Structures are given as structure tokens and as C-alpha cells.
file upload17.cif (mmCIF, C-alpha atoms)
data_protein
#
loop_
_atom_site.label_atom_id
_atom_site.label_comp_id
_atom_site.auth_asym_id
_atom_site.auth_seq_id
_atom_site.Cartn_x
_atom_site.Cartn_y
_atom_site.Cartn_z
CA VAL A 734 27.38 7.61 -90.78
CA VAL A 735 27.63 6.79 -94.47
CA GLY A 736 24.11 5.51 -95.21
CA GLY A 737 22.85 6.60 -98.62
CA ALA A 738 26.29 7.96 -99.51
CA THR A 739 27.84 4.48 -99.36
CA PRO A 740 27.99 3.92 -103.17
CA ALA A 741 29.87 7.16 -103.80
CA VAL A 742 32.23 6.41 -100.90
CA MET A 743 33.09 3.15 -102.66
CA LEU A 744 33.83 5.08 -105.85
CA ARG A 745 36.03 7.53 -103.92
CA HIS A 746 38.10 4.67 -102.49
CA ALA A 747 38.45 3.17 -105.98
CA ALA A 748 39.62 6.47 -107.47
CA GLU A 749 42.11 6.96 -104.66
CA ALA A 750 43.46 3.42 -105.10
CA ILE A 751 43.98 4.11 -108.80
CA ALA A 752 45.64 7.49 -108.12
CA ALA A 753 47.94 5.92 -105.52
CA GLY A 754 49.02 3.22 -107.95
CA HIS A 755 47.61 0.38 -105.87
CA CYS A 756 45.26 -0.77 -108.65
CA GLU A 757 45.04 -0.56 -112.42
CA THR A 758 41.40 -1.52 -112.93
CA VAL A 759 38.58 -1.26 -110.39
CA LEU A 760 34.98 -2.35 -110.88
CA CYS A 761 32.49 -0.56 -108.63
CA CYS A 762 29.21 -2.47 -108.62
CA ALA A 763 26.27 -1.81 -106.34
CA GLY A 764 22.67 -2.97 -106.12
CA GLU A 765 19.71 -3.25 -103.80
CA ASN A 766 16.25 -4.79 -104.00
CA ARG A 767 14.39 -2.52 -101.64
CA ALA A 768 11.06 -2.79 -103.45
CA SER A 769 10.73 -6.51 -104.07
CA GLY A 770 13.23 -8.47 -102.02
CA GLN A 771 14.56 -8.95 -98.53
CA SER A 772 14.62 -5.22 -97.91
CA ARG A 773 10.85 -5.35 -97.50
CA ASP A 774 11.15 -7.50 -94.38
CA SER A 775 9.85 -5.79 -91.27
CA ALA A 776 13.22 -6.03 -89.49
CA VAL A 777 15.00 -4.32 -92.37
CA GLN A 778 12.31 -1.65 -92.56
CA ALA A 779 12.68 -1.05 -88.83
CA VAL A 780 16.40 -0.48 -89.23
CA ALA A 781 15.78 1.86 -92.19
CA ALA A 782 13.40 3.88 -90.02
CA MET A 783 16.10 4.44 -87.41
CA VAL A 784 18.31 6.66 -89.54
CA GLY A 785 18.56 9.46 -87.01
CA HIS A 786 20.75 9.82 -83.95
CA PRO A 787 20.09 6.77 -81.69
CA TYR A 788 19.81 8.88 -78.52
CA PHE A 789 18.49 12.24 -79.68
CA GLU A 790 16.20 11.34 -82.60
CA SER A 791 15.27 7.76 -83.46
CA ILE A 792 14.12 6.75 -79.97
CA TYR A 793 11.48 9.49 -80.15
CA GLY A 794 9.96 8.13 -83.33
CA PRO A 795 10.80 10.48 -86.21
CA THR A 796 11.47 8.74 -89.49
CA ILE A 797 13.62 10.19 -92.28
CA PRO A 798 10.61 11.95 -93.89
CA ALA A 799 9.84 13.63 -90.56
CA LEU A 800 13.42 14.87 -90.23
CA TYR A 801 13.42 16.34 -93.73
CA ALA A 802 9.98 17.81 -93.06
CA MET A 803 11.57 19.81 -90.25
CA VAL A 804 14.24 20.99 -92.67
CA ALA A 805 11.55 22.03 -95.15
CA ARG A 806 9.45 23.84 -92.55
CA ARG A 807 12.46 25.76 -91.25
CA HIS A 808 13.53 26.65 -94.80
CA MET A 809 10.03 28.01 -95.39
CA HIS A 810 10.26 30.06 -92.21
CA GLU A 811 13.70 31.53 -92.94
CA PHE A 812 13.49 32.12 -96.69
CA GLY A 813 9.83 32.11 -97.64
CA THR A 814 10.10 28.85 -99.56
CA THR A 815 6.65 27.69 -100.67
CA ARG A 816 4.85 24.40 -101.20
CA ARG A 817 4.66 25.30 -104.88
CA GLN A 818 8.44 25.58 -105.06
CA LEU A 819 8.84 22.16 -103.47
CA ALA A 820 6.29 20.77 -105.91
CA SER A 821 8.20 22.35 -108.82
CA VAL A 822 11.10 20.01 -108.06
CA ALA A 823 8.80 16.99 -108.14
CA VAL A 824 7.06 18.04 -111.37
CA LYS A 825 10.40 18.67 -113.09
CA ASN A 826 11.98 15.41 -111.96
CA HIS A 827 8.94 13.37 -112.97
CA ALA A 828 9.00 15.04 -116.40
CA ASN A 829 12.66 14.05 -116.76
CA GLY A 830 12.06 10.52 -115.49
CA ALA A 831 9.25 10.03 -117.99
CA LYS A 832 11.90 10.42 -120.70
CA ASN A 833 14.26 7.93 -119.05
CA PRO A 834 13.69 4.30 -120.12
CA LEU A 835 15.52 3.10 -116.98
CA ALA A 836 13.42 5.12 -114.53
CA HIS A 837 11.33 3.36 -111.89
CA MET A 838 8.34 5.70 -112.26
CA ARG A 839 7.98 7.09 -115.78
CA LYS A 840 5.01 9.22 -114.84
CA VAL A 841 4.41 12.87 -115.67
CA ILE A 842 2.64 14.75 -112.88
CA THR A 843 1.02 18.17 -112.90
CA MET A 844 1.53 20.94 -110.40
CA GLU A 845 -2.03 20.36 -109.20
CA GLN A 846 -1.31 16.68 -108.54
CA ALA A 847 1.89 17.47 -106.71
CA LEU A 848 0.22 20.04 -104.48
CA ALA A 849 -2.68 17.68 -103.72
CA GLY A 850 -0.52 14.66 -102.85
CA LYS A 851 -1.27 12.58 -99.78
CA PRO A 852 0.53 13.99 -96.74
CA VAL A 853 3.52 12.06 -95.40
CA ALA A 854 5.10 14.53 -92.94
CA GLU A 855 3.93 18.14 -93.09
CA PRO A 856 4.75 19.90 -95.38
CA LEU A 857 5.97 16.92 -97.43
CA THR A 858 3.53 14.83 -99.43
CA VAL A 859 4.00 11.56 -101.28
CA TYR A 860 5.18 13.58 -104.30
CA ASP A 861 7.97 15.16 -102.24
CA CYS A 862 9.45 11.79 -101.24
CA SER A 863 11.80 9.53 -103.20
CA LEU A 864 10.81 6.04 -104.28
CA ILE A 865 11.53 2.66 -102.70
CA SER A 866 13.23 0.98 -105.64
CA ASP A 867 15.14 -2.02 -106.92
CA GLY A 868 18.22 -1.17 -108.92
CA ALA A 869 21.87 -1.74 -109.72
CA ALA A 870 24.69 0.23 -111.33
CA ALA A 871 28.37 -0.27 -112.11
CA VAL A 872 31.35 1.75 -113.29
CA VAL A 873 34.90 0.77 -114.26
CA ILE A 874 37.73 3.05 -113.14
CA VAL A 875 41.19 2.96 -114.72
CA PRO A 876 44.17 5.36 -114.91
CA ALA A 877 43.47 8.21 -117.33
CA GLU A 878 46.34 7.24 -119.62
CA GLN A 879 44.87 3.74 -120.05
CA ALA A 880 41.23 4.72 -120.59
CA ALA A 881 41.58 4.92 -124.37
CA ARG A 882 42.38 1.18 -124.42
CA TYR A 883 38.78 0.49 -123.44
CA THR A 884 36.77 3.29 -125.07
CA SER A 885 37.17 6.62 -126.78
CA ARG A 886 34.16 7.97 -124.88
CA PHE A 887 35.31 7.80 -121.28
CA ALA A 888 34.73 10.45 -118.63
CA ARG A 889 37.60 11.87 -116.59
CA VAL A 890 37.25 12.04 -112.81
CA ARG A 891 38.26 15.62 -111.97
CA ALA A 892 37.47 15.35 -108.26
CA VAL A 893 35.93 13.16 -105.57
CA ALA A 894 35.52 14.67 -102.10
CA GLN A 895 33.87 13.30 -98.97
CA THR A 896 33.06 15.09 -95.72
CA ALA A 897 30.87 14.42 -92.68
CA ASP A 898 28.82 16.30 -90.10
CA HIS A 899 26.80 15.58 -86.97
CA VAL A 900 24.03 13.03 -87.38
CA ALA A 901 21.32 14.74 -85.34
CA LEU A 902 19.63 17.86 -86.65
CA ASP A 903 19.79 19.56 -83.26
CA GLU A 904 23.60 19.30 -83.28
CA LYS A 905 23.90 21.25 -86.54
CA PRO A 906 24.37 25.04 -86.43
CA SER A 907 21.59 25.28 -89.04
CA ILE A 908 19.18 22.74 -90.47
CA THR A 909 18.58 24.78 -93.63
CA ALA A 910 22.16 24.15 -94.77
CA PHE A 911 24.11 20.91 -94.68
CA SER A 912 27.74 21.67 -93.88
CA ALA A 913 28.79 18.25 -95.21
CA VAL A 914 27.42 19.15 -98.65
CA ARG A 915 28.96 22.61 -98.58
CA SER A 916 32.41 21.41 -97.49
CA ALA A 917 32.43 18.43 -99.86
CA GLY A 918 31.53 20.79 -102.69
CA GLU A 919 34.24 23.26 -101.74
CA ARG A 920 36.87 20.51 -101.59
CA ALA A 921 35.74 19.06 -104.93
CA TYR A 922 35.85 22.47 -106.62
CA ALA A 923 39.34 23.10 -105.26
CA MET A 924 40.55 19.66 -106.33
CA ALA A 925 39.14 20.12 -109.84
CA GLY A 926 40.24 23.75 -110.19
CA LEU A 927 36.65 24.69 -110.96
CA GLY A 928 33.79 26.61 -109.41
CA PRO A 929 30.01 26.25 -109.26
CA GLN A 930 29.73 28.41 -112.38
CA ASP A 931 31.64 25.78 -114.37
CA ILE A 932 29.19 22.95 -113.71
CA GLU A 933 26.87 22.35 -116.68
CA LEU A 934 24.62 19.63 -115.23
CA ALA A 935 24.16 17.97 -111.87
CA GLU A 936 22.64 14.90 -110.29
CA LEU A 937 21.67 15.88 -106.74
CA HIS A 938 20.46 13.61 -103.95
CA ASP A 939 16.76 14.49 -103.99
CA CYS A 940 15.65 11.98 -101.38
CA PHE A 941 13.07 14.70 -100.71
CA THR A 942 12.32 17.77 -102.79
CA ILE A 943 13.70 20.04 -100.08
CA ALA A 944 17.01 18.14 -100.29
CA GLU A 945 17.47 19.18 -103.92
CA ILE A 946 16.69 22.79 -103.06
CA VAL A 947 19.12 22.85 -100.12
CA ALA A 948 21.86 21.09 -102.13
CA SER A 949 21.56 23.58 -104.99
CA GLU A 950 22.26 26.31 -102.44
CA ASP A 951 25.00 24.52 -100.49
CA LEU A 952 26.89 23.71 -103.71
CA GLY A 953 26.85 27.38 -104.71
CA PHE A 954 24.60 27.07 -107.75
CA VAL A 955 22.31 29.74 -106.26
CA LYS A 956 22.42 32.03 -103.24
CA LYS A 957 21.15 30.76 -99.90
CA GLY A 958 17.38 30.92 -99.91
CA ASP A 959 17.10 31.12 -103.72
CA GLY A 960 16.84 27.38 -104.34
CA GLY A 961 13.04 27.39 -104.27
CA PRO A 962 12.54 30.33 -106.65
CA PHE A 963 15.25 28.87 -108.94
CA ALA A 964 13.34 25.61 -109.24
CA GLU A 965 9.97 27.31 -109.71
CA ALA A 966 11.36 29.55 -112.45
CA GLY A 967 12.66 26.56 -114.43
CA GLY A 968 16.33 27.21 -113.75
CA SER A 969 16.98 23.52 -113.08
CA ALA A 970 14.90 22.18 -116.01
CA LEU A 971 16.43 20.45 -119.03
CA ASP A 972 16.59 23.78 -120.86
CA GLY A 973 17.36 25.83 -117.75
CA ARG A 974 20.54 27.58 -116.66
CA LEU A 975 21.70 24.48 -114.76
CA PRO A 976 19.84 21.22 -115.49
CA ILE A 977 19.49 19.21 -112.28
CA ASN A 978 18.50 15.55 -112.07
CA THR A 979 18.03 15.03 -115.78
CA SER A 980 17.70 11.31 -114.98
CA GLY A 981 14.54 11.95 -112.98
CA GLY A 982 16.50 11.86 -109.75
CA LEU A 983 15.69 9.72 -106.76
CA LYS A 984 12.18 11.08 -107.02
CA SER A 985 11.37 9.49 -110.39
CA LYS A 986 14.31 7.37 -111.55
CA GLY A 987 14.27 5.74 -108.14
CA HIS A 988 16.27 5.26 -104.95
CA PRO A 989 17.78 1.78 -104.52
CA VAL A 990 19.89 3.18 -101.68
CA GLY A 991 22.90 0.90 -102.07
CA ALA A 992 23.14 1.67 -105.79
CA THR A 993 22.00 5.29 -105.99
CA GLY A 994 25.40 6.97 -105.81
CA VAL A 995 26.90 4.83 -108.58
CA GLY A 996 23.73 5.30 -110.61
CA GLN A 997 24.17 9.07 -110.37
CA ILE A 998 27.67 8.72 -111.83
CA CYS A 999 26.32 6.59 -114.69
CA ASP A 1000 23.69 9.23 -115.47
CA VAL A 1001 26.26 12.04 -115.51
CA VAL A 1002 28.52 10.00 -117.81
CA MET A 1003 25.57 9.35 -120.13
CA GLN A 1004 25.02 13.10 -120.43
CA LEU A 1005 28.74 13.78 -120.96
CA ARG A 1006 28.75 11.24 -123.79
CA GLY A 1007 25.66 12.77 -125.39
CA ASP A 1008 23.74 9.51 -124.93
CA ALA A 1009 20.81 10.77 -122.84
CA GLY A 1010 18.27 10.76 -125.68
CA GLU A 1011 15.24 12.93 -125.01
CA ARG A 1012 16.88 14.11 -121.79
CA GLN A 1013 20.11 15.27 -123.40
CA VAL A 1014 21.17 18.76 -122.41
CA ALA A 1015 22.91 21.17 -124.76
CA ARG A 1016 25.94 21.90 -122.54
CA HIS A 1017 27.48 18.68 -121.30
CA ARG A 1018 31.22 18.95 -120.79
CA ILE A 1019 31.38 19.03 -116.98
CA GLY A 1020 28.92 17.35 -114.62
CA LEU A 1021 28.60 16.93 -110.86
CA ALA A 1022 27.03 14.26 -108.65
CA GLU A 1023 26.14 14.75 -104.98
CA ASN A 1024 25.39 11.65 -102.89
CA LEU A 1025 24.07 12.22 -99.35
CA GLY A 1026 23.89 10.00 -96.29
CA GLY A 1027 21.29 10.43 -93.57
CA SER A 1028 19.97 13.90 -92.82
CA GLY A 1029 23.15 15.59 -94.01
CA ALA A 1030 25.53 13.40 -92.00
CA THR A 1031 27.81 12.38 -94.90
CA CYS A 1032 28.27 13.71 -98.41
CA VAL A 1033 30.36 12.77 -101.44
CA VAL A 1034 30.68 15.19 -104.35
CA THR A 1035 32.11 13.92 -107.65
CA ILE A 1036 33.02 16.11 -110.63
CA LEU A 1037 33.38 14.47 -114.04
CA GLU A 1038 34.56 15.83 -117.38
CA ALA A 1039 33.90 14.54 -120.87
CA ALA A 1040 36.95 13.01 -122.54
#
call {"tool": "encode", "arguments": {"input": "upload17.cif", "output": "C-alpha cells"}}
result
Amino acid sequence: VVGGATPAVMLRHAAEAIAAGHCETVLCCAGENRASGQSRDSAVQAVAAMVGHPYFESIYGPTIPALYAMVARRHMHEFGTTRRQLASVAVKNHANGAKNPLAHMRKVITMEQALAGKPVAEPLTVYDCSLISDGAAAVVIVPAEQAARYTSRFARVRAVAQTADHVALDEKPSITAFSAVRSAGERAYAMAGLGPQDIELAELHDCFTIAEIVASEDLGFVKKGDGGPFAEAGGSALDGRLPINTSGGLKSKGHPVGATGVGQICDVVMQLRGDAGERQVARHRIGLAENLGGSGATCVVTILEAA
């Protein structure tokens, strides 16, 4: 299952083709009109609703919000994660998105609004769920020694790693940790010769607020169970220890599924170049993007470095 991780998988194949000498210039372009086009058709929506395992999940009716709601509820049970901590992710990402001229929903929300959102799947409300968006993004990948021919402000791909896990939640040893995210992160760190402590900003796949919290733990940014308190304390804010989703994330910038992974790369590059405007973070030499498919079935982690 690739699902929402498809765009980053495309980028991984492009980078590998360049590294292997099969190509000199690769254009990765992705787009989807989920909000206004064909993706609104009932047949397409029905397929989108069947993201779980065809035998163990989707035939019983749970949609993707329901699956992530189970993740959230279990995380609350095991680590004491609170609704306020989930809402902190939404408030922060909306604040960032309001500063992003390319965001789908440039709307600041308060903690009170986030906590009082209409329920979608307990404990997730409408403010915990990503948007249904139109969007497109593109990147050009060339060998490092040729990049200066095109621009002096390129970003170097330090690592791209992809791993997979079981589709169904009941087949995973734990639903409060996604092994695909953890293993993709470990491989990317090893490939880049870096560790979690070296990452200065990150775009994480916040399809739901709990997904950002879990990813921050699985990628080693915080200890297991500390993702919620880290978000509530402002650790992932623009001026925090590790800014996460400075673009607004899928929650505010939007989630045109087929383009999201490439869009994350574009947002990291914008930060590395110092072109993020009001959203620009002070430390911006090394950034990471994490693109997820399904309920933790596939993950691609990309690490980029400013030229």
C-alpha cells in the first residue's frame, strides 16, 4: 500500500535514477483536484473510504478518521495524551497556515474552537482532521555537481528512505507507534549520517493531529509518549525547539493526496532557502519530510540540506 505516500515514492525513484546514472534531469510533478473535480464523485469517495485492510477493516465500515481515532484513543490510554494536546497541534498548524499565502485554509483558530469542534470520530473533531484540497507541486532533481548550472540556491538530497508495514491496525504490534515511520526514519538518518538531534525543521504527515504526535515520537524527536506534551508546550511552534509543519501542514495548508508528498519537499526547500516569509524559522540548514500512506502502511522519509 502506497496511498498518501505515493508522491514521495515518486521522488525516491527519481533520486535513485539520478544516483544510478540512469537520468540527468528528472521532473517530479504531482497534482490532485480532490475538492472541486472528479475526486468528488461518489465512486471515487467510496474508494477513498476503503483505505483499510479489505478483509479485516474496510468491510466493517471504519473510514480513515475512525482508524486514526482508535490510534488516538489508545495513545491517550497508554500515555495520558489529552484532547488539549491534540488541539494544540491544530491551533499551531492553523497559525502557521494563516501565514502561508499558498495554504488552503488561512484561518487562525483558538484552543476553545479546536476543543469545541464538531465530532468526526471520537476523540477526533473536524479540527483534528486534514482538509480535502486541490493542489499541485513539482520539483526538479539533478546530480549534485550539475545543480549550480540551474540555481545557486538548490537543496541537497541527503537521504530518501521508504519502508512498509501491515495495512490493518490489528496486525501491528502496537497502534501507538508506526514501525514504517520508525524504520524509514532510522534508514534515512543512517543514509544521511545524521540523527534526530540534527534536524532543524520538519514537515510531518498530519492527516490527523494524532499522526503528527505519533510521527514526532517515531522519528526520535521526543521520547515515546512525549509527543502530546511537546506540542502543548510549544516545542513544535515556529520559535520552538523543533518547528514542525511550518507550512500549516495537511491540516491547514491542505491535503491534495496525490501532491502532498512533493508539496512537503517544496515547503522544506523554501525554509532551507530562507524564503518562507512570516513562517521563516531561525535555524534552517537541515530539514526532514515524512510522507505517510494509509494508517501507517507505507512511509517515505526525506532529509534535505541547504546548499
call {"tool": "closest_residue", "arguments": {"input": "upload17.cif", "among": "A:Ser1028, A:Ser866, A:Thr814, A:Ser769", "to": "Leu835 of chain A", "atoms": "only C-alpha atoms"}}
result
A:Ser866
call {"tool": "resolve_selection", "arguments": {"input": "upload17.cif", "expression": "the PyMOL selection byres ((chain A and resi 939) around 12)", "output": "PyMOL selection string"}}
result
chain A and resi 737+801+819+822-823+825-827+860-864+935-938+940-949+977-988+990+993-994+997+1022-1026+1028-1029
call {"tool": "atom_distance", "arguments": {"input": "upload17.cif", "atom1": "atom CA of Ala828 of chain A", "atom2": "atom CA of Ala966 of chain A"}}
result
15.2 Å
call {"tool": "atom_distance", "arguments": {"input": "upload17.cif", "atom1": "atom CA of Met924 of chain A", "atom2": "atom CA of Glu950 of chain A"}}
result
19.8 Å
call {"tool": "atom_distance", "arguments": {"input": "upload17.cif", "atom1": "atom CA of Gln1004 of chain A", "atom2": "atom CA of Ser912 of chain A"}}
result
28.0 Å
call {"tool": "closest_residue", "arguments": {"input": "upload17.cif", "among": "A:Val1002, A:Ile797, A:Ala870, A:Val1014", "to": "Ala888 of chain A", "atoms": "only C-alpha atoms"}}
result
A:Val1002
call {"tool": "closest_residue", "arguments": {"input": "upload17.cif", "among": "A:Ala992, A:Leu971, A:Leu857, A:Cys762", "to": "Arg1016 of chain A", "atoms": "all atoms listed in the file"}}
result
A:Leu971
call {"tool": "residues_around", "arguments": {"input": "upload17.cif", "residues": "Val1034 of chain A", "least_positions_apart": "2", "cutoff": "7 Å", "atoms": "all atoms listed in the file", "output": "VMD selection string"}}
result
chain A and resid 893 to 895 917 to 918 921 1022 to 1024 1032 1036
call {"tool": "closest_residue", "arguments": {"input": "upload17.cif", "among": "A:Val872, A:Gly928, A:Cys761, A:Glu965", "to": "Thr739 of chain A", "atoms": "all atoms listed in the file"}}
result
A:Cys761
call {"tool": "resolve_selection", "arguments": {"input": "upload17.cif", "expression": "the PyMOL selection byres ((chain A and resi 974) around 10)", "output": "JSON, numbers by chain"}}
result
{"A": [933, 934, 954, 963, 967, 968, 969, 970, 971, 972, 973, 975, 976, 977, 1016]}
call {"tool": "closest_residue", "arguments": {"input": "upload17.cif", "among": "A:Leu800, A:Ala892, A:Ala854, A:Ala748", "to": "Pro876 of chain A", "atoms": "all atoms listed in the file"}}
result
A:Ala748
call {"tool": "resolve_selection", "arguments": {"input": "upload17.cif", "expression": "the PyMOL selection byres ((chain A and resi 891) around 7)", "output": "ChimeraX atom specification"}}
result
/A:889-890,892,925,1036-1038
call {"tool": "write_last_selection", "arguments": {"input": "upload17.cif", "atoms": "C-alpha atoms", "output": "PDB file, in the frame of the given file"}}
result
ATOM      1  CA  ARG A 889      37.600  11.870-116.590  1.00  0.00           C
ATOM      2  CA  VAL A 890      37.250  12.040-112.810  1.00  0.00           C
ATOM      3  CA  ALA A 892      37.470  15.350-108.260  1.00  0.00           C
ATOM      4  CA  ALA A 925      39.140  20.120-109.840  1.00  0.00           C
ATOM      5  CA  ILE A1036      33.020  16.110-110.630  1.00  0.00           C
ATOM      6  CA  LEU A1037      33.380  14.470-114.040  1.00  0.00           C
ATOM      7  CA  GLU A1038      34.560  15.830-117.380  1.00  0.00           C
TER       8      GLU A1038
END
call {"tool": "residues_around", "arguments": {"input": "upload17.cif", "residues": "segment 846-850 of chain A", "least_positions_apart": "4", "cutoff": "8 Å", "atoms": "only C-alpha atoms", "output": "ChimeraX atom specification"}}
result
/A:816-817,820,823-824,842,858-861
call {"tool": "closest_residue", "arguments": {"input": "upload17.cif", "among": "A:Arg1012, A:His746, A:Lys851, A:Arg807", "to": "Leu902 of chain A", "atoms": "all atoms listed in the file"}}
result
A:Arg807
